[in-house]
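Engineer: Structure below; questions to follow.
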Amino acid sequence: MPDTTPAATAPHYVIIGVGVSGSQAAAELRDHDRTARITIITASRLPFYQRYDLPRVFNGVHDWRTFMVHQPGYYSDNRITLRRDTRVGGIDAKNRLLHLTHKETVHYDKLLVASGGRPYVPEHLVDYRRLMFGWGSFEDAMAVRQALPDGGHALLLGGDMIGLDLARTLIATGHRVTLVAGEHSFWPHQVPATERPKYLAALQALGLELLEEGDLGGIVAVEQSVAGLPARRVVFGDGSDLHGDVVMPFFGLAPQVEFMAGAGPDIERGLLVQRSLRTTDEHIYAAGNVCQIWSEKDRRYKFYNGWKNVRLMGSVAAANMTGGSDEFRSNPDAEALRLDDQGRIQSPFWEYQ
Amino acid sequence: MSPATTDHGGKGAMTATDIQIAICGSAGDGTIAAGNILRNALATAGYRVISFDVYPPEIRGFGKCISRLRITTEQAYSLKEKSDCLISLDDSHTIPHVGEVRDFGAVIFEAKPVAQVPEGGHITAHVRPGQIPYGFSIREISEQATSSNRSRNVVALAIMAGLFGLDKGPFRQTIDSTFGKKNKKVAEVNLDAFETGYAVGAATFKLDSVKFGPPGKSVRQGKVTILSGNAATVRGLLDAGIDCYFGYPITPATSIMERLAVEMPKRGKRLLQTEDEISAIAATVGAGYAGARAATATSGPGLALMMEMLGLGTIAEVPAVVLVSQRGGPSTGMPTKTEQSDLNAAVYGSHGDSPRIVIAPTNVEGCYRCAGKAFEMAEAYQTPVIVLLDLYLSNRYETVVLANEAPFNPDCNKRWRRTERDEVYRRFAASDDQISARAIPGDEGGMHVVTGLEHNELGRPNDTPEIHTAMSVKRHDKLKAALRHPDFTICKRFGDDGPIDVGLLGWGSTFGECLEAMFMARAEGIRCAAMKVVMLSPFPADPVAEFMDDCKAVLVPELNFQGQFARLVQAELARPVVPLAKVSCGPMRVEDIVEEIRRLAAQVHQPLAAE
Amino acid sequence: MTIQPKPVYLDEKLDEVRQSGRLDYRSKALPTWCPGCGYFAMVESLTAVLNRMQLPHKDTVIVSGIGCASRFPFFISTYGIHTLHGRALPVATGIKMANDRLHVIVVGGDGDGFAIGGGHVPHAARRNVDITYLLFDNGVYGLTKGQTSPTSVLGFRTSTSPYENPDRPLNPLLMVLSHGASWVGQAYAGKPDHLTEMIAAAVAHRGFSYLNILSPCVTFDKTERTYSNLGLQVADLPANHDSTNVAMAMAAAMRTDHPLLGLYYKEDRPTLNENLDSLAAKAGAGTPAAGKKPVRAA
């Protein structure tokens, strides 16, 4: 890095979240403004790492550093202050202040909310959260890795693309996977009812054992199993049940926006932004799985998923926060799910490989 | 045992555990207390520990304290440059030290401070991207467990112990014995705090790369204890049978007197806090004259005051032991910062030609040996002996192995015995070894007067050139026997045998860093050895010269500006050395020594790799 | 009254002195003092006392600092240590702490005790170290050939105060009384019999005894503290003096125009070593250290 140290008058860009969009935005903010103060705030204990790669823990990759996108020196080289294990308690948009839960207040000139989404758990399963494993962080991945014996049986509920990706690795590493499919299967892709059997067949071809939640009267309970059987039991409405070592919900992502409640910017499910990624507050932007972007075509605010879209949002936000006038345009391919010549599922969600 | 021996062993290539933990906070946070608990617990668990606390000159309140502990399977020789884990009990003090933690090491801190923090004032703004932040509600956990925030230090330790999966037992034992002495209830409260904190730590997913292996086997056997340099010094004095102690409080020597004040009365021995250092050394000389094993301890300013009386000890040939724990000077200087800048004063101090014995231990075990041996030498050679410590050695803790029997001779006097033929007792009679048989007040027939005036064999004032010459010779020559003092290592070589590229000549507390640097340089393929010199006066010229014969370059690292030891070596041997003199207000950085070794090795063009 | 010093004095008294046994405590060294010096009287008195009390030579130590008076140990045939200027008291403290059986007598002058060594007097006194301090107060530095001392009178002319001494003299008696000495007395070299009695009482006292001995310097003070002046000035303490009353003792010490001779104050209280031993007993020492010689000195 040549040039300058931040002047006292340099603007302070604060980014909440150290995922793909937040990290992309930080890098590009630095490109656009050499003197600005850039701070990333995240609840995670780790710097930016490749969450899409997490299934590799089943390939024996147990050191989180393997997933790290940048070497630690990257942040100081680019004068990006990375604040981890730090939580935002609330925002005072009028005075442009972030209230951190450890009683610190941080002033921002422009704020980018890129706090992402957390695994969504449908209401009828919320009570059983304690008995299920999430899948969103390295810590989660290692916990599953520990709980699932070699050759063990994983029960996947819902079956979004994140879960299906994990399922592929689990099968490849000698585990048994049962998918309880339902309306969230293939999230974020919308699979027309007519196409659905074809895609399910493709999953079976991968080695998944398949059940339709609807056929079994829905999931009634997740229970601790009796001794001698695998650790968990899923009970269905028709009285049938299923045993497995781990139960994991994969019903897509829900935006993490609680701390924005009452702050000012409009929220539907996620933060509502224009295609410039600006919220209804001129100093606040949002990017990634936390935001819904106005779609002219559909005349509504839409979530856009897939790492390419999410990264693009980081770039667009960074450009516009530094005075640019860029617009987010989803890559049409990024939303398409398809079967290739050999009948294998292809998704932009998996394209990183 | 030969006084100059060679040790090829050194440290093994692999140590299962080598972890440094730093605890930082203000004086009121129980920082040093937490360090003490951790140190004792890990020593009890069977690890080797070396630790050093840095504390402020202020008496109480808000000054910064840091306790650093290096925990190893085999004994280490110095603290490491980087810590593996940092525990913050006060962010404002800890933030400047966050950089000490290595990449992928752990930083443990308070996630819910009680008061508003200014922007950028929380440690999360400073933890480096390579380090792993662990925020915990330390205060809340303490309050839940003990209904007070006073156990924050114990909770923080417990979280760390849980996170790293350390055995609970030694911690419980240490907490119980630390607090149980005062009050059983306090011990219980702290044990509760420990259990709660431990559970929180153990339930936390560990992301750092800090790994404790099992304690070393060899350590589990034998009588291992953990002592500070000053505590070991006290143990040495007591084991050698100290009769009288006289002292005046001065940092960093005070804890020697404080411990003796507890221990000596129990043994029916006498300790007096004198009105100043002049009276402390005066009484020490008086008691020594009366036949007692007497000692005083001080630091540089006190040593300056003692100089005239040390001269009396030399000319009147009275045994006296003076322990000097050096600190930053001159004048009041830096009372709480370590330095090795009193070598000149110790070796050359006082007026006139006033030789004395000066020995400088290099580690805590050495403090024990030197303190006890100082009594032997003072008696045997009828002279003041200075044991040169420094703040870093006085205050650092190491696990040490002590022999079951005190390894000190209880009586080294060359005692005068009255015979039929004696007409008159000659206190300063000439003899082969220049040491005259000594009568002590109470001895029948041995009445004599000793004096600070130049005197003849009878002790009567005499200022003729013959007598002054003969007595000067006597006072200098008799000390040479100290170079062959039984069971005492005056110097010792470590590392590569035979011809080497770079030799380190070290003394005092800095020698630990010299050894670590030597191991690092050898690992890089540089032929390297290190010699510690324990006896500074009289100077062990022969073995040091022999060592220097083997070296293409000789580096002398020490903590003073003038390169006082380097000058001593050059003056004694008339050979060049390369000084590495630092006044960094703290222990020498191992990396600084290694860098200098690399530079010198490159200069002599003989790296091992090229052979 | 004028006393003219005459070397023949010793010759005439030699037989008497030999028979008295006083010479048992004299060394073979001859004093180096000027003829007529008051210090000769003190050697005589002390040797007489040692003889009378039959203190064993081997168990007696004379400790001195630097000055004319500090040559004293060389003239006594017991153990002796001639230390540094001003440091006799702490050295003596160390000796006494090392071995209770030793009788420790400190001798020194006014410059040694109250100028350079002034810092030690209060502490030896308050600790009640069981030693005797004989202070030879002649109001001038004699060994260095006539400079002003801390007890020199105002206006005194010396080589370092050639116009006059501008400094008020110290009052040693008042000082040691306030420091807590447990035995305080004053004698005069011109009254050798009284001096002997006072030294005897001081040595016999258990605790810190301070005897201020007024003495002329016949060489460097020909105007102030001469035998003739002192002889006219000194007086005995009044018959009704109560030597257990420290206030009365202090009042008497203020009478500097007419120095009063005799026992000012005497108090019986534990000595330093006794205090240390009871402390050791509290700390749980098996046997008290009192009276025990150091292990290695056996």
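Every chain in the structure tokens has a letter given in the order shown (A, B, ...), and although residue numbers restart at 1 in each chain, ligands are simply numbered from 1 in the order shown.
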Write out as number ranges by chain every residue belonging to chain A that has an atom at most 10 Å from any atom of chain B, counting only C-alpha atoms.

Structural biologist: A: 39-41, 44-48, 63-65, 70-76, 80-87, 100-107, 138-140, 142-143

Engineer: Please run DSSP on the backbone and report, as a list in words, all residues within segment 186-293 of chain B that come out as strand (DSSP E or B).

Structural biologist: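 Filtering segment 186-293 of chain B down to strand (DSSP E or B) leaves Val224, Thr225, Ile226, Leu227, Ser228, Cys244, Tyr245, Phe246, Gly247, Arg270, Leu271, Leu272 and Gln273 of chain B.
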
Engineer: Filtering to N, CA and C atoms, could you give me those residues as an mmCIF file, in the first residue's frame?

Structural biologist:
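Generated file (again34.cif):
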data_model
loop_
_atom_site.group_PDB
_atom_site.id
_atom_site.type_symbol
_atom_site.label_atom_id
_atom_site.label_comp_id
_atom_site.auth_asym_id
_atom_site.auth_seq_id
_atom_site.Cartn_x
_atom_site.Cartn_y
_atom_site.Cartn_z
ATOM 1 N N VAL B 224 10.176 -30.866 42.799
ATOM 2 C CA VAL B 224 10.058 -29.684 41.957
ATOM 3 C C VAL B 224 9.219 -28.651 42.679
ATOM 4 N N THR B 225 9.692 -27.418 42.648
ATOM 5 C CA THR B 225 8.905 -26.361 43.264
ATOM 6 C C THR B 225 9.013 -25.131 42.373
ATOM 7 N N ILE B 226 8.085 -24.209 42.548
ATOM 8 C CA ILE B 226 8.173 -22.999 41.738
ATOM 9 C C ILE B 226 8.499 -21.818 42.632
ATOM 10 N N LEU B 227 9.534 -21.086 42.245
ATOM 11 C CA LEU B 227 10.026 -19.994 43.080
ATOM 12 C C LEU B 227 10.366 -18.787 42.218
ATOM 13 N N SER B 228 10.246 -17.614 42.831
ATOM 14 C CA SER B 228 10.774 -16.423 42.176
ATOM 15 C C SER B 228 12.271 -16.366 42.479
ATOM 16 N N CYS B 244 22.012 -13.481 60.658
ATOM 17 C CA CYS B 244 21.522 -12.117 60.814
ATOM 18 C C CYS B 244 21.255 -11.506 59.442
ATOM 19 N N TYR B 245 20.183 -10.729 59.374
ATOM 20 C CA TYR B 245 19.908 -9.989 58.145
ATOM 21 C C TYR B 245 19.615 -8.552 58.522
ATOM 22 N N PHE B 246 20.156 -7.648 57.741
ATOM 23 C CA PHE B 246 19.909 -6.223 57.940
ATOM 24 C C PHE B 246 19.502 -5.642 56.596
ATOM 25 N N GLY B 247 18.440 -4.862 56.575
ATOM 26 C CA GLY B 247 18.022 -4.356 55.272
ATOM 27 C C GLY B 247 17.209 -3.088 55.365
ATOM 28 N N ARG B 270 17.872 -13.515 63.592
ATOM 29 C CA ARG B 270 17.529 -12.110 63.809
ATOM 30 C C ARG B 270 17.582 -11.271 62.537
ATOM 31 N N LEU B 271 16.554 -10.483 62.390
ATOM 32 C CA LEU B 271 16.472 -9.584 61.234
ATOM 33 C C LEU B 271 16.158 -8.185 61.732
ATOM 34 N N LEU B 272 16.803 -7.200 61.139
ATOM 35 C CA LEU B 272 16.576 -5.818 61.560
ATOM 36 C C LEU B 272 16.367 -4.934 60.336
ATOM 37 N N GLN B 273 15.296 -4.157 60.382
ATOM 38 C CA GLN B 273 15.135 -3.127 59.351
ATOM 39 C C GLN B 273 15.891 -1.899 59.829
#

Engineer: Segment 201-204 of chain C: which residues within 12 Å, counting only C-alpha atoms, same-chain residues fewer than 3 positions away excluded, as a ChimeraX atom specification?

Structural biologist: /C:45-47,49-50,52-55,60,62,103-106,130-135,181-187,194-198,207-213,262-266

Engineer: What residues in chain B lie within 9 Å of chain C, counting only C-alpha atoms, written as a short mmCIF file (atom, residue, chain, number, x, y, z; two decimals) with N, CA and C atoms, in the first residue's frame?

Structural biologist:
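Result saved to out-v5.cif:
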data_model
loop_
_atom_site.label_atom_id
_atom_site.label_comp_id
_atom_site.auth_asym_id
_atom_site.auth_seq_id
_atom_site.Cartn_x
_atom_site.Cartn_y
_atom_site.Cartn_z
N GLY B 241 22.21 -21.25 56.32
CA GLY B 241 22.30 -20.94 57.74
C GLY B 241 22.50 -19.48 58.08
N ASP B 243 22.42 -16.15 59.85
CA ASP B 243 22.21 -15.82 61.26
C ASP B 243 21.54 -14.46 61.42
N CYS B 244 22.01 -13.48 60.66
CA CYS B 244 21.52 -12.12 60.81
C CYS B 244 21.25 -11.51 59.44
N PHE B 246 20.16 -7.65 57.74
CA PHE B 246 19.91 -6.22 57.94
C PHE B 246 19.50 -5.64 56.60
N VAL B 262 9.62 -13.20 57.72
CA VAL B 262 8.70 -14.26 58.13
C VAL B 262 9.49 -15.48 58.61
N GLU B 263 10.51 -15.84 57.86
CA GLU B 263 11.18 -17.12 58.09
C GLU B 263 12.23 -17.09 59.19
N MET B 264 12.98 -16.00 59.30
CA MET B 264 14.11 -16.01 60.25
C MET B 264 13.67 -16.13 61.70
N PRO B 265 12.67 -15.35 62.15
CA PRO B 265 12.26 -15.50 63.55
C PRO B 265 11.83 -16.93 63.89
N LYS B 266 11.21 -17.61 62.93
CA LYS B 266 10.79 -18.99 63.17
C LYS B 266 11.98 -19.87 63.50
N ARG B 267 13.14 -19.50 62.97
CA ARG B 267 14.34 -20.29 63.20
C ARG B 267 15.19 -19.69 64.31
N GLY B 268 14.63 -18.70 65.02
CA GLY B 268 15.39 -18.06 66.09
C GLY B 268 16.51 -17.18 65.58
N LYS B 269 16.40 -16.74 64.33
CA LYS B 269 17.43 -15.88 63.75
C LYS B 269 16.93 -14.43 63.77
N ARG B 270 17.87 -13.52 63.59
CA ARG B 270 17.53 -12.11 63.81
C ARG B 270 17.58 -11.27 62.54
N LEU B 271 16.55 -10.48 62.39
CA LEU B 271 16.47 -9.58 61.23
C LEU B 271 16.16 -8.19 61.73
N LEU B 272 16.80 -7.20 61.14
CA LEU B 272 16.58 -5.82 61.56
C LEU B 272 16.37 -4.93 60.34
N THR B 274 16.95 -1.59 59.11
CA THR B 274 17.83 -0.52 59.56
C THR B 274 17.34 0.83 59.07
N GLU B 275 18.05 1.89 59.50
CA GLU B 275 17.61 3.24 59.15
C GLU B 275 18.04 3.65 57.74
N ASP B 276 18.93 2.93 57.15
CA ASP B 276 19.35 3.22 55.78
C ASP B 276 20.26 2.08 55.32
N ILE B 278 23.37 2.35 54.57
CA ILE B 278 24.70 2.45 55.18
C ILE B 278 24.72 1.62 56.47
N SER B 279 23.68 1.78 57.28
CA SER B 279 23.65 1.01 58.52
C SER B 279 23.41 -0.46 58.24
N ALA B 280 22.69 -0.76 57.15
CA ALA B 280 22.45 -2.17 56.81
C ALA B 280 23.77 -2.89 56.53
N ILE B 281 24.60 -2.27 55.71
CA ILE B 281 25.89 -2.93 55.40
C ILE B 281 26.81 -2.84 56.62
N ALA B 282 26.73 -1.74 57.38
CA ALA B 282 27.58 -1.60 58.57
C ALA B 282 27.27 -2.73 59.56
N ALA B 283 25.99 -2.97 59.79
CA ALA B 283 25.61 -4.02 60.73
C ALA B 283 25.97 -5.40 60.18
N THR B 284 25.86 -5.54 58.87
CA THR B 284 26.23 -6.81 58.25
C THR B 284 27.72 -7.08 58.47
N VAL B 285 28.52 -6.04 58.27
CA VAL B 285 29.96 -6.19 58.51
C VAL B 285 30.22 -6.44 59.99
N GLY B 286 29.49 -5.73 60.87
CA GLY B 286 29.65 -5.95 62.30
C GLY B 286 29.34 -7.38 62.69
N ALA B 287 28.21 -7.89 62.18
CA ALA B 287 27.81 -9.26 62.51
C ALA B 287 28.80 -10.26 61.91
N GLY B 288 29.29 -9.95 60.71
CA GLY B 288 30.28 -10.82 60.08
C GLY B 288 31.57 -10.85 60.88
N TYR B 289 31.94 -9.69 61.38
CA TYR B 289 33.13 -9.60 62.21
C TYR B 289 32.95 -10.46 63.47
N ALA B 290 31.71 -10.48 63.98
CA ALA B 290 31.43 -11.24 65.20
C ALA B 290 31.19 -12.72 64.89
N GLY B 291 31.35 -13.12 63.63
CA GLY B 291 31.31 -14.55 63.31
C GLY B 291 30.00 -15.06 62.74
N ALA B 292 29.05 -14.17 62.55
CA ALA B 292 27.75 -14.62 62.05
C ALA B 292 27.76 -14.69 60.53
N ARG B 293 26.84 -15.50 59.99
CA ARG B 293 26.56 -15.42 58.56
C ARG B 293 25.52 -14.33 58.41
N ALA B 294 25.97 -13.18 57.91
CA ALA B 294 25.09 -12.03 57.84
C ALA B 294 24.99 -11.53 56.40
N GLU B 308 31.46 2.60 50.70
CA GLU B 308 32.55 2.87 51.63
C GLU B 308 32.73 1.69 52.59
N MET B 309 31.59 1.16 53.06
CA MET B 309 31.66 0.06 54.01
C MET B 309 32.15 -1.23 53.36
N LEU B 312 35.71 -1.20 53.68
CA LEU B 312 36.16 -1.63 55.01
C LEU B 312 36.17 -3.16 55.08
N ALA B 316 39.54 -4.82 56.06
CA ALA B 316 39.52 -5.47 57.38
C ALA B 316 39.30 -6.97 57.24
N PRO B 410 28.25 -25.65 56.09
CA PRO B 410 27.85 -24.74 57.17
C PRO B 410 29.02 -23.98 57.79
N ASP B 411 30.25 -24.39 57.52
CA ASP B 411 31.37 -23.66 58.12
C ASP B 411 32.57 -23.70 57.20
N CYS B 412 32.93 -22.58 56.63
CA CYS B 412 34.07 -22.51 55.73
C CYS B 412 35.18 -21.64 56.31
N ASN B 413 35.08 -21.37 57.59
CA ASN B 413 36.08 -20.50 58.22
C ASN B 413 37.44 -21.16 58.28
N ILE B 440 37.63 -14.89 66.24
CA ILE B 440 36.35 -14.20 66.26
C ILE B 440 36.07 -13.79 67.70
N PRO B 441 35.55 -12.59 67.92
CA PRO B 441 35.27 -12.16 69.30
C PRO B 441 34.58 -13.29 70.07
N GLY B 442 35.11 -13.57 71.25
CA GLY B 442 34.65 -14.71 72.01
C GLY B 442 35.72 -15.79 72.06
N ASP B 443 36.66 -15.75 71.07
CA ASP B 443 37.75 -16.72 71.04
C ASP B 443 38.81 -16.32 72.06
N GLU B 444 39.15 -17.28 72.93
CA GLU B 444 40.16 -17.01 73.95
C GLU B 444 41.51 -16.72 73.30
N GLY B 445 42.11 -15.62 73.73
CA GLY B 445 43.47 -15.32 73.30
C GLY B 445 43.61 -14.69 71.93
N GLY B 446 42.48 -14.57 71.20
CA GLY B 446 42.58 -14.06 69.83
C GLY B 446 42.33 -12.57 69.71
N MET B 447 42.41 -11.86 70.85
CA MET B 447 42.04 -10.45 70.82
C MET B 447 42.91 -9.67 69.82
N HIS B 448 42.26 -8.86 69.05
CA HIS B 448 42.97 -8.05 68.06
C HIS B 448 42.05 -6.91 67.65
N VAL B 449 42.62 -5.98 66.93
CA VAL B 449 41.81 -4.88 66.42
C VAL B 449 41.89 -4.92 64.90
N VAL B 450 40.72 -4.86 64.24
CA VAL B 450 40.75 -4.70 62.79
C VAL B 450 40.40 -3.25 62.48
N THR B 451 40.87 -2.80 61.35
CA THR B 451 40.74 -1.36 61.07
C THR B 451 40.66 -1.10 59.58
N GLY B 452 40.07 0.02 59.27
CA GLY B 452 40.04 0.48 57.90
C GLY B 452 41.32 1.16 57.48
N LEU B 453 42.21 1.36 58.43
CA LEU B 453 43.54 1.89 58.08
C LEU B 453 44.38 0.76 57.50
N ARG B 460 47.88 -3.53 63.18
CA ARG B 460 48.19 -2.18 63.67
C ARG B 460 48.42 -1.25 62.48
#

Engineer: Which neighbours of Lys582 of chain B fall inside 12 Å, counting only C-alpha atoms, when residues of the same chain fewer than 2 positions from it are skipped, and could you give them as a ChimeraX atom specification?

Structural biologist: /B:328,338-341,510,556-564,579-580,584-589,592-593

Engineer: So which residues touch segment 230-242 of chain C within 9 Å, counting only C-alpha atoms, skipping near sequence neighbours fewer than 2 positions away, as a ChimeraX atom specification?

Structural biologist: /C:1-2,188,190-191,214-216,224-228,244-246,248-249,252,257-265

Engineer: Restricting the output to N, CA and C atoms, write the selected residues as a compact mmCIF listing (two decimals), in the first residue's frame.

Structural biologist:
# COMPACT_ATOMS: atom_id res chain seq x y z
N MET C 1 41.30 26.98 88.17
CA MET C 1 42.25 25.87 88.31
C MET C 1 42.83 25.53 86.95
N THR C 2 44.11 25.34 86.88
CA THR C 2 44.75 24.96 85.63
C THR C 2 45.51 23.66 85.82
N TYR C 188 32.95 14.61 82.92
CA TYR C 188 33.95 15.61 82.48
C TYR C 188 35.33 15.00 82.65
N GLY C 190 38.00 16.27 83.21
CA GLY C 190 38.76 16.88 84.29
C GLY C 190 38.38 16.33 85.65
N LYS C 191 37.40 15.46 85.74
CA LYS C 191 37.00 14.84 87.00
C LYS C 191 37.07 13.33 86.83
N LEU C 214 32.51 15.52 78.47
CA LEU C 214 33.08 16.81 78.07
C LEU C 214 34.59 16.74 78.21
N SER C 215 35.24 17.23 77.16
CA SER C 215 36.69 17.14 77.18
C SER C 215 37.28 18.31 76.42
N PRO C 216 38.38 18.88 76.89
CA PRO C 216 39.02 19.94 76.13
C PRO C 216 39.90 19.35 75.02
N GLU C 224 37.76 28.25 74.14
CA GLU C 224 36.39 27.96 74.58
C GLU C 224 36.36 26.86 75.63
N ARG C 225 36.53 25.57 75.15
CA ARG C 225 36.42 24.47 76.10
C ARG C 225 37.78 24.10 76.68
N THR C 226 38.34 25.00 77.35
CA THR C 226 39.63 24.74 78.00
C THR C 226 39.36 24.12 79.36
N TYR C 227 40.40 23.51 79.91
CA TYR C 227 40.23 22.97 81.26
C TYR C 227 39.75 24.05 82.22
N SER C 228 40.35 25.28 82.05
CA SER C 228 40.00 26.32 83.00
C SER C 228 38.53 26.75 82.84
N THR C 244 14.44 9.15 86.98
CA THR C 244 13.41 8.37 86.27
C THR C 244 12.45 9.31 85.54
N ASN C 245 12.70 10.61 85.68
CA ASN C 245 11.79 11.61 85.12
C ASN C 245 12.43 12.24 83.89
N VAL C 246 11.93 11.86 82.71
CA VAL C 246 12.59 12.28 81.47
C VAL C 246 12.42 13.78 81.25
N MET C 248 12.37 16.09 83.57
CA MET C 248 13.36 16.73 84.42
C MET C 248 14.76 16.59 83.80
N ALA C 249 15.02 15.41 83.21
CA ALA C 249 16.30 15.17 82.56
C ALA C 249 16.49 16.12 81.39
N ALA C 252 17.29 19.58 82.60
CA ALA C 252 18.69 19.65 83.03
C ALA C 252 19.62 19.73 81.82
N ASP C 257 24.81 26.45 79.59
CA ASP C 257 25.77 27.42 80.12
C ASP C 257 26.56 26.80 81.28
N HIS C 258 25.89 25.98 82.06
CA HIS C 258 26.56 25.28 83.15
C HIS C 258 26.27 23.79 83.02
N PRO C 259 27.11 23.08 82.22
CA PRO C 259 26.84 21.65 81.99
C PRO C 259 26.79 20.91 83.32
N LEU C 260 25.73 20.11 83.47
CA LEU C 260 25.53 19.37 84.71
C LEU C 260 26.03 17.95 84.56
N LEU C 261 26.76 17.49 85.55
CA LEU C 261 27.36 16.16 85.50
C LEU C 261 26.53 15.19 86.34
N GLY C 262 26.50 13.92 85.87
CA GLY C 262 25.78 12.90 86.64
C GLY C 262 24.83 12.11 85.77
N LEU C 263 23.98 11.32 86.40
CA LEU C 263 23.02 10.47 85.70
C LEU C 263 21.74 11.25 85.44
N TYR C 264 21.47 11.52 84.18
CA TYR C 264 20.28 12.29 83.80
C TYR C 264 19.03 11.41 83.84
N TYR C 265 19.18 10.24 83.25
CA TYR C 265 17.97 9.43 83.06
C TYR C 265 18.33 7.96 82.99

Engineer: So how many Å separate atom CA of Arg26 of chain C and atom CA of Thr144 of chain C, to one decimal?

Structural biologist: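 Going from atom CA of Arg26 of chain C over to atom CA of Thr144 of chain C, I get 25.6 Å.
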
Engineer: If you run DSSP on the backbone here, which positions in segment 74-186 of chain C get helix (DSSP H, G or I)? Please write them as a VMD selection string.

Structural biologist: chain C and resid 74 to 75 88 to 98 110 to 116 121 to 127 172 to 179

Engineer: Name all residues at most 10 Å from Gln190 of chain A (count only C-alpha atoms; drop same-chain ones fewer than 5 positions away) and give them as a PDB file with N, CA, C and O atoms, in the first residue's frame.

Structural biologist:
ATOM      1  N   GLU A 183     -41.750 -28.307   0.693  1.00  0.00           N
ATOM      2  CA  GLU A 183     -41.885 -27.135  -0.180  1.00  0.00           C
ATOM      3  C   GLU A 183     -40.584 -26.327  -0.279  1.00  0.00           C
ATOM      4  O   GLU A 183     -40.397 -25.575  -1.211  1.00  0.00           O
ATOM      5  N   HIS A 184     -39.684 -26.480   0.701  1.00  0.00           N
ATOM      6  CA  HIS A 184     -38.441 -25.704   0.644  1.00  0.00           C
ATOM      7  C   HIS A 184     -37.324 -26.414  -0.112  1.00  0.00           C
ATOM      8  O   HIS A 184     -36.224 -25.893  -0.211  1.00  0.00           O
ATOM      9  N   SER A 185     -37.591 -27.598  -0.583  1.00  0.00           N
ATOM     10  CA  SER A 185     -36.547 -28.310  -1.310  1.00  0.00           C
ATOM     11  C   SER A 185     -36.109 -27.481  -2.523  1.00  0.00           C
ATOM     12  O   SER A 185     -36.937 -26.854  -3.172  1.00  0.00           O
ATOM     13  N   ARG A 196     -40.556 -31.299 -10.683  1.00  0.00           N
ATOM     14  CA  ARG A 196     -40.076 -31.764  -9.375  1.00  0.00           C
ATOM     15  C   ARG A 196     -39.648 -33.242  -9.370  1.00  0.00           C
ATOM     16  O   ARG A 196     -38.554 -33.558  -8.901  1.00  0.00           O
ATOM     17  N   GLU A 335     -29.835 -17.600 -11.280  1.00  0.00           N
ATOM     18  CA  GLU A 335     -31.046 -18.045 -10.621  1.00  0.00           C
ATOM     19  C   GLU A 335     -31.540 -19.366 -11.162  1.00  0.00           C
ATOM     20  O   GLU A 335     -32.534 -19.929 -10.702  1.00  0.00           O
ATOM     21  N   ALA A 336     -30.839 -19.889 -12.180  1.00  0.00           N
ATOM     22  CA  ALA A 336     -31.366 -21.056 -12.884  1.00  0.00           C
ATOM     23  C   ALA A 336     -30.862 -22.373 -12.313  1.00  0.00           C
ATOM     24  O   ALA A 336     -29.680 -22.570 -12.101  1.00  0.00           O
ATOM     25  N   LEU A 337     -31.823 -23.263 -12.097  1.00  0.00           N
ATOM     26  CA  LEU A 337     -31.483 -24.634 -11.731  1.00  0.00           C
ATOM     27  C   LEU A 337     -31.738 -25.479 -12.976  1.00  0.00           C
ATOM     28  O   LEU A 337     -32.706 -25.259 -13.686  1.00  0.00           O
TER      29      LEU A 337
END
